[in-house]
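Below is upload_28.cif, holding mmCIF, C-alpha atoms and all ligand atoms.
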```
data_start
#
loop_
_atom_site.label_atom_id
_atom_site.label_comp_id
_atom_site.auth_asym_id
_atom_site.auth_seq_id
_atom_site.Cartn_x
_atom_site.Cartn_y
_atom_site.Cartn_z
CA MET I 9 27.00 -9.76 -40.46
CA ILE I 10 23.48 -11.06 -40.06
CA PRO I 11 21.76 -10.98 -43.50
CA VAL I 12 18.63 -8.92 -44.15
CA LYS I 13 16.61 -12.06 -44.84
CA THR I 14 17.22 -13.28 -41.29
CA PHE I 15 15.73 -10.11 -39.80
CA ALA I 16 12.74 -10.47 -42.17
CA ALA I 17 12.30 -14.11 -41.14
CA ARG I 18 12.24 -13.05 -37.48
CA ARG I 19 9.51 -10.50 -38.26
CA ARG I 20 7.44 -13.17 -39.98
CA SER I 21 8.00 -15.52 -37.08
CA ILE I 22 6.79 -13.00 -34.51
CA ALA I 23 3.86 -12.02 -36.74
CA SER I 24 2.73 -15.64 -36.91
CA ARG I 25 2.34 -15.64 -33.14
CA MET I 26 0.34 -12.44 -32.69
CA GLN I 27 -3.06 -11.13 -33.61
CA GLY I 28 -3.02 -7.35 -33.69
CA VAL I 29 -0.44 -4.60 -33.98
CA ALA I 30 3.13 -4.64 -32.68
CA ILE I 31 4.83 -1.29 -32.05
CA LEU I 32 8.54 -1.23 -31.28
CA PRO I 33 10.45 2.06 -31.21
CA THR I 34 14.22 2.04 -31.19
CA ALA I 35 16.20 3.71 -28.39
CA ARG I 36 16.30 7.47 -27.95
CA GLU I 37 19.45 9.47 -28.33
CA GLN I 38 20.62 10.42 -24.83
CA VAL I 39 21.79 13.93 -24.11
CA ARG I 40 25.09 14.08 -22.22
CA ASN I 41 24.90 17.82 -21.71
CA ARG I 42 23.53 20.67 -23.83
CA ASP I 43 23.85 19.52 -27.45
CA ALA I 44 26.40 16.73 -26.80
CA HIS I 45 25.07 13.18 -26.84
CA PHE I 46 26.21 9.83 -25.45
CA PRO I 47 27.33 7.42 -28.17
CA TYR I 48 24.13 6.08 -29.74
CA ARG I 49 23.07 2.47 -29.18
CA PHE I 50 19.87 1.14 -30.81
CA ASP I 51 17.25 -0.78 -28.84
CA SER I 52 18.03 -4.50 -28.83
CA TYR I 53 14.46 -5.67 -29.54
CA PHE I 54 14.08 -3.22 -32.40
CA TYR I 55 17.45 -4.20 -33.84
CA TYR I 56 16.68 -7.91 -33.50
CA LEU I 57 13.70 -7.48 -35.82
CA THR I 58 15.08 -4.91 -38.25
CA GLY I 59 18.90 -4.73 -38.39
CA PHE I 60 18.37 -0.94 -38.62
CA ARG I 61 20.79 1.14 -36.55
CA GLU I 62 19.56 4.74 -36.94
CA PRO I 63 17.77 6.57 -34.11
CA GLU I 64 14.20 7.91 -34.48
CA ALA I 65 12.77 4.77 -36.00
CA VAL I 66 9.76 2.60 -35.18
CA LEU I 67 8.80 -0.88 -36.34
CA VAL I 68 5.10 -1.62 -36.73
CA ILE I 69 3.76 -5.06 -37.58
CA VAL I 70 0.06 -5.47 -38.33
CA ALA I 71 -0.43 -9.20 -38.01
CA ASP I 72 -3.31 -11.42 -38.97
CA PRO I 73 -2.03 -14.99 -38.65
CA GLY I 74 -5.15 -16.35 -40.39
CA ASN I 75 -4.39 -14.26 -43.42
CA GLU I 76 -0.68 -13.86 -43.99
CA ASP I 77 -1.16 -11.77 -47.14
CA LYS I 78 -2.74 -9.08 -45.00
CA THR I 79 0.18 -8.90 -42.58
CA ARG I 80 2.09 -5.63 -42.93
CA HIS I 81 5.67 -4.97 -41.84
CA ILE I 82 6.23 -1.22 -41.67
CA LEU I 83 9.32 0.83 -40.91
CA PHE I 84 9.06 4.46 -39.86
CA CYS I 85 12.38 6.33 -39.99
CA ARG I 86 13.98 9.74 -40.45
CA ASP I 87 13.71 11.45 -43.80
CA LYS I 88 16.74 12.16 -45.90
CA ASP I 89 17.96 15.63 -44.96
CA PRO I 90 20.91 17.00 -46.94
CA GLU I 91 21.45 19.82 -44.42
CA ARG I 92 21.51 17.52 -41.34
CA GLU I 93 23.58 14.94 -43.21
CA ILE I 94 26.33 17.55 -43.62
CA TRP I 95 26.52 17.76 -39.82
CA GLU I 96 25.63 14.24 -38.68
CA GLY I 97 26.27 11.95 -41.63
CA PHE I 98 24.29 9.61 -43.82
CA ARG I 99 20.69 8.66 -43.15
CA TYR I 100 18.81 6.21 -45.31
CA GLY I 101 15.43 7.89 -45.58
CA PRO I 102 12.30 5.72 -45.82
CA GLU I 103 12.61 4.74 -49.45
CA ALA I 104 16.17 3.43 -49.31
CA ALA I 105 15.72 1.98 -45.81
CA GLY I 106 12.63 0.05 -46.91
CA GLU I 107 14.57 -1.39 -49.81
CA ALA I 108 17.79 -2.14 -47.92
CA PHE I 109 16.13 -3.71 -44.88
CA GLY I 110 13.47 -5.71 -46.71
CA PHE I 111 10.30 -3.77 -45.86
CA ASP I 112 7.37 -3.50 -48.27
CA GLU I 113 6.29 -0.31 -46.54
CA ALA I 114 8.44 2.45 -45.11
CA TYR I 115 7.35 5.97 -44.16
CA SER I 116 8.74 9.11 -42.68
CA ILE I 117 8.73 9.09 -38.87
CA ILE I 118 6.74 12.32 -39.19
CA LYS I 119 3.81 10.24 -40.46
CA LEU I 120 3.70 8.03 -37.36
CA GLU I 121 1.31 10.23 -35.39
CA GLU I 122 -1.20 10.44 -38.21
CA MET I 123 -1.00 6.78 -39.26
CA MET I 124 -1.05 4.95 -35.92
CA PRO I 125 -4.74 5.49 -35.06
CA ARG I 126 -5.65 4.13 -38.50
CA LEU I 127 -3.35 1.14 -38.10
CA LEU I 128 -4.82 0.40 -34.66
CA ALA I 129 -8.46 0.63 -35.79
CA ASP I 130 -10.43 -2.62 -35.48
CA GLN I 131 -7.40 -4.50 -34.17
CA PRO I 132 -7.86 -6.81 -31.18
CA ALA I 133 -4.55 -6.14 -29.39
CA VAL I 134 -1.46 -3.97 -29.20
CA TYR I 135 1.90 -5.68 -28.58
CA CYS I 136 4.56 -3.41 -27.12
CA ALA I 137 7.25 -3.14 -24.44
CA LEU I 138 4.93 -1.39 -21.99
CA GLY I 139 6.81 0.37 -19.20
CA GLN I 140 10.13 0.55 -21.02
CA ASP I 141 9.72 4.22 -21.89
CA ALA I 142 6.99 6.25 -20.22
CA SER I 143 6.67 8.75 -23.05
CA TRP I 144 6.04 5.97 -25.59
CA ASP I 145 3.43 4.51 -23.22
CA THR I 146 1.70 7.91 -23.20
CA ARG I 147 1.83 8.18 -26.97
CA LEU I 148 0.40 4.69 -27.36
CA THR I 149 -2.53 5.32 -25.04
CA GLY I 150 -3.11 8.60 -26.91
CA TRP I 151 -3.42 6.69 -30.21
CA VAL I 152 -5.74 4.12 -28.66
CA ASN I 153 -7.91 6.96 -27.32
CA ARG I 154 -8.07 8.50 -30.76
CA VAL I 155 -9.39 5.20 -32.10
CA ARG I 156 -11.98 5.14 -29.29
CA GLU I 157 -13.17 8.58 -30.33
CA GLN I 158 -14.36 7.01 -33.57
CA ALA I 159 -16.60 4.50 -31.78
CA ARG I 160 -19.83 6.05 -33.12
CA SER I 161 -18.67 5.41 -36.66
CA GLY I 162 -18.40 1.72 -35.76
CA VAL I 163 -14.61 1.54 -35.27
CA THR I 164 -13.33 -0.52 -32.35
CA ALA I 165 -10.18 0.12 -30.36
CA PRO I 166 -7.76 -2.64 -29.25
CA ALA I 167 -9.10 -4.28 -26.11
CA GLN I 168 -5.78 -5.69 -24.97
CA ILE I 169 -2.27 -4.39 -24.46
CA ARG I 170 0.19 -7.27 -24.43
CA ASP I 171 3.90 -7.47 -23.64
CA ILE I 172 5.75 -8.27 -26.87
CA ARG I 173 8.86 -9.04 -24.82
CA LEU I 174 7.38 -12.38 -23.73
CA LEU I 175 7.49 -13.53 -27.36
CA LEU I 176 10.75 -11.83 -28.27
CA ASP I 177 12.70 -12.92 -25.19
CA GLU I 178 12.06 -16.55 -26.02
CA MET I 179 13.20 -16.04 -29.61
CA ARG I 180 16.31 -14.12 -28.56
CA LEU I 181 17.29 -16.85 -26.09
CA PHE I 182 18.06 -19.32 -28.90
CA LYS I 183 20.92 -18.10 -31.08
CA GLY I 184 21.07 -19.17 -34.70
CA ALA I 185 24.26 -20.03 -36.59
CA GLU I 186 24.66 -16.47 -37.86
CA GLU I 187 24.33 -14.98 -34.40
CA LEU I 188 26.82 -17.47 -32.99
CA GLU I 189 29.27 -16.46 -35.69
CA VAL I 190 29.01 -12.80 -34.65
CA MET I 191 29.38 -13.80 -30.99
CA ARG I 192 32.52 -15.81 -31.82
CA GLY I 193 33.87 -12.66 -33.48
CA ALA I 194 33.11 -10.52 -30.42
CA ALA I 195 34.65 -13.15 -28.14
CA GLU I 196 37.81 -13.37 -30.22
CA ILE I 197 38.37 -9.61 -30.10
CA SER I 198 37.81 -9.56 -26.34
CA CYS I 199 40.23 -12.45 -25.85
CA GLY I 200 42.80 -10.42 -27.77
CA ALA I 201 42.13 -7.46 -25.48
CA HIS I 202 42.68 -9.57 -22.35
CA ARG I 203 45.91 -10.97 -23.77
CA ARG I 204 47.02 -7.44 -24.59
CA ALA I 205 46.20 -6.33 -21.03
CA MET I 206 48.34 -9.14 -19.60
CA LEU I 207 51.22 -8.13 -21.85
CA LYS I 208 51.00 -4.44 -20.92
CA THR I 209 50.45 -4.69 -17.15
CA GLY I 210 53.17 -3.94 -14.65
CA PRO I 211 53.65 -2.40 -11.19
CA GLY I 212 53.15 1.36 -11.03
CA MET I 213 50.74 1.61 -13.93
CA GLY I 214 47.29 3.14 -13.58
CA GLU I 215 44.24 0.89 -13.88
CA TYR I 216 43.07 3.40 -16.49
CA GLU I 217 46.14 2.71 -18.62
CA ILE I 218 45.15 -0.94 -18.84
CA GLU I 219 41.54 0.07 -19.56
CA ALA I 220 42.89 2.13 -22.46
CA GLU I 221 44.68 -0.94 -23.84
CA LEU I 222 41.42 -2.90 -23.75
CA LEU I 223 39.49 -0.15 -25.51
CA TYR I 224 42.27 0.22 -28.05
CA GLU I 225 42.11 -3.46 -28.95
CA PHE I 226 38.29 -3.43 -29.16
CA ARG I 227 38.21 -0.53 -31.60
CA ARG I 228 41.36 -1.47 -33.49
CA ARG I 229 39.69 -4.73 -34.44
CA GLY I 230 36.36 -3.24 -35.45
CA ALA I 231 34.16 -3.68 -32.39
CA GLN I 232 31.86 -0.67 -32.04
CA SER I 233 32.14 -0.27 -28.26
CA PRO I 234 32.54 -2.06 -24.95
CA ALA I 235 29.45 -4.14 -24.15
CA TYR I 236 29.45 -2.65 -20.61
CA THR I 237 31.72 -0.47 -18.54
CA SER I 238 35.07 -2.22 -18.14
CA ILE I 239 36.11 -3.23 -14.62
CA VAL I 240 39.88 -2.89 -14.14
CA ALA I 241 40.39 -3.57 -10.45
CA GLY I 242 43.79 -3.91 -8.80
CA GLY I 243 44.25 -5.41 -5.34
CA ALA I 244 41.40 -4.69 -2.91
CA ASN I 245 39.37 -3.02 -5.65
CA ALA I 246 38.69 -6.51 -7.03
CA CYS I 247 36.49 -7.12 -3.99
CA VAL I 248 34.12 -4.34 -5.15
CA LEU I 249 31.97 -6.28 -7.59
CA HIS I 250 30.99 -3.36 -9.81
CA TYR I 251 34.18 -1.30 -9.46
CA VAL I 252 34.42 0.97 -12.51
CA GLU I 253 36.47 3.95 -11.34
CA ASN I 254 39.63 2.35 -12.72
CA ASN I 255 41.77 5.20 -11.39
CA ALA I 256 44.11 3.53 -8.87
CA ARG I 257 47.73 2.60 -9.32
CA LEU I 258 48.73 -1.07 -9.59
CA LYS I 259 51.12 -2.35 -6.96
CA ASP I 260 53.74 -5.05 -7.10
CA GLY I 261 52.37 -8.21 -5.49
CA GLU I 262 48.70 -7.45 -6.18
CA LEU I 263 46.30 -9.26 -8.48
CA LEU I 264 44.49 -7.40 -11.24
CA LEU I 265 40.90 -8.40 -12.01
CA ILE I 266 39.65 -7.31 -15.45
CA ASP I 267 36.02 -7.81 -16.45
CA ALA I 268 35.73 -6.43 -19.97
CA GLY I 269 34.16 -7.40 -23.27
CA CYS I 270 33.38 -5.69 -26.52
CA GLU I 271 30.15 -5.35 -28.47
CA LEU I 272 30.40 -6.38 -32.11
CA ASP I 273 27.50 -5.69 -34.48
CA GLY I 274 25.12 -5.57 -31.53
CA TYR I 275 26.35 -8.71 -29.74
CA ALA I 276 28.12 -8.70 -26.37
CA SER I 277 31.07 -10.63 -25.07
CA ASP I 278 31.81 -10.73 -21.36
CA ILE I 279 35.16 -12.00 -20.07
CA THR I 280 36.87 -11.82 -16.70
CA ARG I 281 40.49 -12.71 -16.09
CA THR I 282 42.51 -12.25 -12.91
CA PHE I 283 46.29 -12.19 -13.01
CA PRO I 284 49.30 -10.96 -11.01
CA VAL I 285 50.45 -7.41 -11.68
CA ASN I 286 54.08 -8.56 -11.61
CA GLY I 287 53.47 -11.72 -13.65
CA THR I 288 53.84 -14.30 -10.85
CA PHE I 289 51.14 -15.53 -8.44
CA SER I 290 52.02 -15.57 -4.74
CA ALA I 291 51.20 -18.80 -2.89
CA PRO I 292 47.94 -17.51 -1.28
CA GLN I 293 46.84 -15.91 -4.58
CA ARG I 294 47.50 -19.13 -6.41
CA ASP I 295 45.64 -21.19 -3.78
CA LEU I 296 42.50 -19.09 -4.13
CA TYR I 297 42.88 -18.85 -7.91
CA GLU I 298 43.10 -22.61 -8.34
CA VAL I 299 39.90 -23.10 -6.33
CA VAL I 300 37.99 -20.60 -8.49
CA LEU I 301 39.44 -22.12 -11.67
CA ALA I 302 38.44 -25.64 -10.62
CA ALA I 303 34.93 -24.35 -9.79
CA GLN I 304 34.69 -22.66 -13.17
CA GLU I 305 35.84 -25.78 -15.01
CA ALA I 306 33.30 -27.89 -13.13
CA ALA I 307 30.57 -25.40 -14.00
CA ILE I 308 31.53 -25.38 -17.68
CA ALA I 309 31.51 -29.18 -17.71
CA ALA I 310 27.93 -28.99 -16.38
CA VAL I 311 26.74 -26.82 -19.30
CA ARG I 312 25.06 -29.37 -21.52
CA PRO I 313 21.59 -30.05 -22.92
CA ASP I 314 18.98 -31.11 -20.39
CA ASN I 315 20.94 -29.99 -17.37
CA HIS I 316 18.82 -27.22 -15.90
CA TRP I 317 19.96 -23.62 -15.56
CA ASN I 318 21.18 -23.98 -11.99
CA VAL I 319 23.30 -27.13 -12.40
CA PRO I 320 26.50 -25.23 -13.36
CA HIS I 321 26.03 -22.93 -10.33
CA GLU I 322 25.55 -25.94 -8.06
CA ALA I 323 28.67 -27.61 -9.52
CA ALA I 324 30.69 -24.45 -8.87
CA LEU I 325 29.38 -24.20 -5.29
CA GLN I 326 30.49 -27.74 -4.45
CA ILE I 327 34.08 -26.98 -5.47
CA LEU I 328 34.14 -23.52 -3.91
CA ALA I 329 32.75 -24.76 -0.60
CA GLN I 330 35.32 -27.57 -0.43
CA GLY I 331 38.09 -25.10 -1.36
CA PHE I 332 36.98 -22.57 1.24
CA ILE I 333 37.06 -25.32 3.90
CA ASP I 334 40.48 -26.59 2.78
CA LEU I 335 41.92 -23.06 2.93
CA GLY I 336 40.42 -22.28 6.34
CA LEU I 337 37.94 -19.69 5.11
CA CYS I 338 34.91 -21.77 6.09
CA GLN I 339 34.45 -24.52 8.66
CA GLY I 340 32.42 -27.75 8.65
CA SER I 341 31.16 -29.89 5.78
CA VAL I 342 30.54 -28.95 2.15
CA ASP I 343 26.79 -29.55 2.57
CA GLY I 344 26.80 -27.53 5.79
CA VAL I 345 28.63 -24.59 4.19
CA ILE I 346 26.19 -24.61 1.24
CA GLN I 347 23.06 -25.03 3.36
CA SER I 348 24.01 -22.30 5.82
CA GLU I 349 25.13 -20.11 2.90
CA ASP I 350 28.34 -19.41 4.80
CA TYR I 351 30.14 -19.40 1.43
CA LYS I 352 28.32 -16.13 0.62
CA ARG I 353 30.86 -14.27 2.74
CA PHE I 354 33.27 -14.89 -0.16
CA TYR I 355 31.02 -15.70 -3.14
CA MET I 356 27.89 -13.58 -3.17
CA HIS I 357 26.82 -13.61 -6.83
CA ARG I 358 25.52 -16.24 -9.18
CA THR I 359 27.58 -18.22 -11.67
CA GLY I 360 26.29 -16.70 -14.91
CA HIS I 361 23.60 -15.11 -17.04
CA TRP I 362 22.29 -15.32 -20.60
CA LEU I 363 24.44 -13.47 -23.11
CA GLY I 364 23.51 -12.02 -26.50
CA LEU I 365 22.49 -8.60 -27.77
CA ASP I 366 22.50 -7.48 -24.13
CA VAL I 367 25.27 -8.47 -21.76
CA HIS I 368 22.60 -9.65 -19.34
CA ASP I 369 20.49 -10.98 -22.14
CA ALA I 370 16.79 -11.63 -22.57
CA GLY I 371 15.26 -14.93 -21.57
CA GLU I 372 13.54 -16.50 -18.58
CA TYR I 373 15.63 -18.52 -16.14
CA LYS I 374 12.66 -20.37 -14.66
CA GLN I 375 9.49 -21.67 -16.27
CA ASN I 376 6.47 -22.56 -14.15
CA GLY I 377 8.59 -22.13 -11.06
CA THR I 378 11.41 -24.51 -12.05
CA TRP I 379 14.82 -23.86 -13.57
CA ARG I 380 14.62 -24.30 -17.32
CA ALA I 381 16.64 -26.94 -19.16
CA LEU I 382 19.68 -25.85 -21.15
CA GLN I 383 19.26 -26.40 -24.88
CA PRO I 384 21.44 -26.01 -27.97
CA GLY I 385 21.72 -22.39 -29.11
CA MET I 386 21.52 -20.87 -25.64
CA THR I 387 24.55 -18.74 -24.78
CA LEU I 388 25.59 -17.87 -21.26
CA THR I 389 28.50 -16.84 -19.09
CA VAL I 390 30.21 -19.01 -16.48
CA GLU I 391 31.80 -16.77 -13.86
CA PRO I 392 32.45 -17.99 -10.33
CA GLY I 393 34.63 -15.90 -8.07
CA CYS I 394 35.99 -15.42 -4.58
CA TYR I 395 36.34 -12.08 -2.80
CA VAL I 396 38.06 -11.92 0.59
CA ARG I 397 37.62 -8.75 2.58
CA PRO I 398 39.69 -8.19 5.73
CA SER I 399 38.02 -9.99 8.62
CA GLU I 400 39.18 -11.33 11.97
CA ASN I 401 38.33 -14.96 11.31
CA VAL I 402 40.07 -15.09 7.94
CA PRO I 403 43.83 -15.68 7.54
CA ALA I 404 45.41 -12.27 6.86
CA TYR I 405 47.38 -13.54 3.86
CA PHE I 406 44.07 -13.86 1.95
CA TRP I 407 42.84 -10.35 2.74
CA ASN I 408 41.93 -8.14 -0.20
CA ILE I 409 42.34 -10.90 -2.77
CA GLY I 410 39.52 -10.92 -5.32
CA VAL I 411 39.38 -13.50 -8.11
CA ARG I 412 36.79 -14.03 -10.83
CA ILE I 413 37.14 -16.12 -13.98
CA GLU I 414 34.47 -15.66 -16.64
CA ASP I 415 33.99 -17.33 -20.01
CA ASP I 416 31.22 -17.20 -22.60
CA VAL I 417 29.78 -20.54 -23.68
CA ALA I 418 27.22 -21.74 -26.20
CA VAL I 419 25.22 -24.88 -25.50
CA THR I 420 25.71 -27.48 -28.26
CA GLY I 421 24.07 -30.83 -28.98
CA ILE I 422 26.40 -32.67 -26.61
CA GLY I 423 27.87 -30.08 -24.23
CA CYS I 424 29.10 -26.59 -24.85
CA GLU I 425 31.49 -24.58 -26.96
CA VAL I 426 33.67 -22.16 -25.00
CA LEU I 427 33.75 -19.01 -27.12
CA THR I 428 36.47 -17.31 -25.08
CA SER I 429 39.10 -20.03 -24.67
CA ALA I 430 41.77 -17.88 -26.37
CA ALA I 431 42.14 -15.76 -23.24
CA PRO I 432 44.82 -17.43 -21.02
CA LYS I 433 43.33 -18.90 -17.90
CA SER I 434 45.56 -21.46 -16.18
CA VAL I 435 48.29 -20.24 -13.83
CA ALA I 436 50.91 -21.69 -16.19
CA GLN I 437 49.40 -20.03 -19.29
CA ILE I 438 49.16 -16.63 -17.61
CA GLU I 439 52.67 -16.71 -16.13
CA GLU I 440 54.08 -17.93 -19.44
CA LEU I 441 52.42 -15.12 -21.42
CA MET I 442 53.48 -12.48 -18.91
CA ARG I 443 57.11 -13.61 -19.10
CA ASN I 444 56.95 -12.31 -22.69
CA ARG I 445 56.19 -8.74 -21.62
CA GLU I 446 58.24 -5.88 -22.91
CA ALA I 447 61.08 -5.05 -20.51
N1 LIG I 501 30.29 -7.78 -16.73
C1 LIG I 501 29.04 -8.00 -16.18
C2 LIG I 501 28.90 -9.35 -15.69
O1 LIG I 501 29.86 -10.09 -15.62
O2 LIG I 501 27.82 -9.80 -15.41
MN MN I 502 31.65 -9.83 -16.75
MN MN I 503 28.97 -11.67 -16.79
#
```
Target format structure tokens, applied to this file:
Amino acid sequence: MIPVKTFAARRRSIASRMQGVAILPTAREQVRNRDAHFPYRFDSYFYYLTGFREPEAVLVIVADPGNEDKTRHILFCRDKDPEREIWEGFRYGPEAAGEAFGFDEAYSIIKLEEMMPRLLADQPAVYCALGQDASWDTRLTGWVNRVREQARSGVTAPAQIRDIRLLLDEMRLFKGAEELEVMRGAAEISCGAHRRAMLKTGPGMGEYEIEAELLYEFRRRGAQSPAYTSIVAGGANACVLHYVENNARLKDGELLLIDAGCELDGYASDITRTFPVNGTFSAPQRDLYEVVLAAQEAAIAAVRPDNHWNVPHEAALQILAQGFIDLGLCQGSVDGVIQSEDYKRFYMHRTGHWLGLDVHDAGEYKQNGTWRALQPGMTLTVEPGCYVRPSENVPAYFWNIGVRIEDDVAVTGIGCEVLTSAAPKSVAQIEELMRNREA
């Protein structure tokens, strides 16, 4: 668990870099149909600065970096409501929320409308996530207009609207020790889920049955939800990159690609493993698998401080291109295959993304037009793959094989820590584990 003081320190840190008023609402509840809702998930920016998980809440920071005593950190949230709490459960209410989450000021969300024009008066700028939610944009411009209406009494309205995400994305990119601890926890649960999937899989089962095993392990061990929709793709389905139907039956002789990770206390894990449904790789499956594994290991070895963002991708491409040539999928030289982008017939995505509160986490990949350097505290995925669709100029024994191997890594002072190494990955490890399946 991230302690309250860490959230408060983040608020102070952001306040020291702004002059004006920050407004950050949490996510809305989403209606599924009629009065049924999707499971609630708070907004990541809001959560990053508050630790508060209830819906209908707004963070407001009135910052004056020249005069820290005047800076105000305000939480607006739902009132206590004994009647609603009978139906929906506990809510803090402003008084208890203010206390528990380290705010000096906390008010009912009902007061927001009345208080915002006053809080915005005579402030130089508004910091918000403009464009994230059109109805909040409308409310914000309404408040600014109400300040403008007071111009004849000498009140000035904010002259600038600035994107608070530029400041927050950069903070979120660098994970502190407490965040890394939560991410290790998420990774460990997801590794357990992948091991469980390998132990449960067999010919004739439905992809959905294996999905159920993953979800069972996530929840059994205290993760709140999957971090994204699980991909459980047998055989040719593995060549559909975002396959989520998970409703086909697994056949003897096929591979099963699983891309699944849980969310624990707001933080995502994101793991892909590919393994044989019957527990033993065929020769063509193994040939392709070993190429992807070597590419992934080369990419992980390239995750270290001062290498730029794209170095792991480039390392993976070298190995994949050579492997594709050796296996007769591509022709010519490694440089030629990379320059012509011929490899994209089989590997059409990139090798990773930032990972954190969001599975595709906040943070710029380039700065001033160049790939940014990796630095300690950054966390990312490393996930090369190979997807072979039926095609005349490809040996038929490779058709419909899709392989991806994905780990989560944190950049350290000298290289990287692999957070997800407990999920079996080598051919020997996978086949060994699957020999232990129930009869
Ligand atoms: N599971 C989403 C991704 O791998 O990017
Ligand atoms: Mn993934
Ligand atoms: Mn990923």
Report as a Markdown table: every residue of chain I with an atom at most 7 Å from ligand MN 502 (chain I), its closest pair of atoms, and their distance in Å to one decimal, counting all atoms listed in the file, with rows sorted by chain and ascending residue number.
```
| residue | atom | partner | partner_atom | distance |
| --- | --- | --- | --- | --- |
| I:Asp267 | CA | I:MN502 | MN | 4.8 |
| I:Ala268 | CA | I:MN502 | MN | 6.2 |
| I:Asp278 | CA | I:MN502 | MN | 4.7 |
| I:Ile279 | CA | I:MN502 | MN | 5.3 |
| I:Thr280 | CA | I:MN502 | MN | 5.6 |
| I:Glu414 | CA | I:MN502 | MN | 6.5 |
```
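Using all atoms listed in the file, the contacts of region 26-36 of chain I at a cut-off of 7 Å, with sequence neighbours closer than 4 positions omitted, comprise Ile22, Phe50, Asp51, Phe54, Pro63, Glu64, Ala65, Val66, Leu67, Val68, Ile69, Val70, Ala71, Asp72, Pro73, Leu128, Gln131, Pro132, Ala133, Val134, Tyr135 and Cys136 of chain I.
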Could you save the residues just selected, with C-alpha atoms, as a PDB file, in the frame of the given file?
```pdb
ATOM      1  CA  ILE I  22       6.790 -13.000 -34.510  1.00  0.00           C
ATOM      2  CA  PHE I  50      19.870   1.140 -30.810  1.00  0.00           C
ATOM      3  CA  ASP I  51      17.250  -0.780 -28.840  1.00  0.00           C
ATOM      4  CA  PHE I  54      14.080  -3.220 -32.400  1.00  0.00           C
ATOM      5  CA  PRO I  63      17.770   6.570 -34.110  1.00  0.00           C
ATOM      6  CA  GLU I  64      14.200   7.910 -34.480  1.00  0.00           C
ATOM      7  CA  ALA I  65      12.770   4.770 -36.000  1.00  0.00           C
ATOM      8  CA  VAL I  66       9.760   2.600 -35.180  1.00  0.00           C
ATOM      9  CA  LEU I  67       8.800  -0.880 -36.340  1.00  0.00           C
ATOM     10  CA  VAL I  68       5.100  -1.620 -36.730  1.00  0.00           C
ATOM     11  CA  ILE I  69       3.760  -5.060 -37.580  1.00  0.00           C
ATOM     12  CA  VAL I  70       0.060  -5.470 -38.330  1.00  0.00           C
ATOM     13  CA  ALA I  71      -0.430  -9.200 -38.010  1.00  0.00           C
ATOM     14  CA  ASP I  72      -3.310 -11.420 -38.970  1.00  0.00           C
ATOM     15  CA  PRO I  73      -2.030 -14.990 -38.650  1.00  0.00           C
ATOM     16  CA  LEU I 128      -4.820   0.400 -34.660  1.00  0.00           C
ATOM     17  CA  GLN I 131      -7.400  -4.500 -34.170  1.00  0.00           C
ATOM     18  CA  PRO I 132      -7.860  -6.810 -31.180  1.00  0.00           C
ATOM     19  CA  ALA I 133      -4.550  -6.140 -29.390  1.00  0.00           C
ATOM     20  CA  VAL I 134      -1.460  -3.970 -29.200  1.00  0.00           C
ATOM     21  CA  TYR I 135       1.900  -5.680 -28.580  1.00  0.00           C
ATOM     22  CA  CYS I 136       4.560  -3.410 -27.120  1.00  0.00           C
TER      23      CYS I 136
END
```
| task | To one decimal in Å, tell me the separation between CA of Lys88 (chain I) and CA of Pro102 (chain I). | result |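 About the pair CA of Lys88 (chain I) and CA of Pro102 (chain I): they are 7.8 Å apart.
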Considering all atoms listed in the file, tabulate each residue of chain I that lies at most 9 Å from ligand LIG 501 (chain I) along with its nearest interatomic pair and the corresponding distance in Å to one decimal; arrange the rows by chain and ascending residue number and present them as JSON lines.
```
{"residue": "I:Ala235", "atom": "CA", "partner": "I:LIG501", "partner_atom": "N1", "distance": 8.3}
{"residue": "I:Tyr236", "atom": "CA", "partner": "I:LIG501", "partner_atom": "N1", "distance": 6.5}
{"residue": "I:Thr237", "atom": "CA", "partner": "I:LIG501", "partner_atom": "N1", "distance": 7.7}
{"residue": "I:Ser238", "atom": "CA", "partner": "I:LIG501", "partner_atom": "N1", "distance": 7.5}
{"residue": "I:Ile239", "atom": "CA", "partner": "I:LIG501", "partner_atom": "N1", "distance": 7.7}
{"residue": "I:His250", "atom": "CA", "partner": "I:LIG501", "partner_atom": "C1", "distance": 8.1}
{"residue": "I:Asp267", "atom": "CA", "partner": "I:LIG501", "partner_atom": "N1", "distance": 5.7}
{"residue": "I:Ala268", "atom": "CA", "partner": "I:LIG501", "partner_atom": "N1", "distance": 6.5}
{"residue": "I:Gly269", "atom": "CA", "partner": "I:LIG501", "partner_atom": "N1", "distance": 7.6}
{"residue": "I:Ser277", "atom": "CA", "partner": "I:LIG501", "partner_atom": "N1", "distance": 8.8}
{"residue": "I:Asp278", "atom": "CA", "partner": "I:LIG501", "partner_atom": "N1", "distance": 5.7}
{"residue": "I:Ile279", "atom": "CA", "partner": "I:LIG501", "partner_atom": "O1", "distance": 7.2}
{"residue": "I:Thr280", "atom": "CA", "partner": "I:LIG501", "partner_atom": "O1", "distance": 7.3}
{"residue": "I:Gly360", "atom": "CA", "partner": "I:LIG501", "partner_atom": "O2", "distance": 7.1}
{"residue": "I:His361", "atom": "CA", "partner": "I:LIG501", "partner_atom": "O2", "distance": 7.0}
{"residue": "I:Val367", "atom": "CA", "partner": "I:LIG501", "partner_atom": "C1", "distance": 6.8}
{"residue": "I:His368", "atom": "CA", "partner": "I:LIG501", "partner_atom": "O2", "distance": 6.5}
{"residue": "I:Thr389", "atom": "CA", "partner": "I:LIG501", "partner_atom": "O1", "distance": 7.7}
{"residue": "I:Val390", "atom": "CA", "partner": "I:LIG501", "partner_atom": "O1", "distance": 9.0}
{"residue": "I:Glu391", "atom": "CA", "partner": "I:LIG501", "partner_atom": "O1", "distance": 7.2}
{"residue": "I:Glu414", "atom": "CA", "partner": "I:LIG501", "partner_atom": "O1", "distance": 7.3}
```
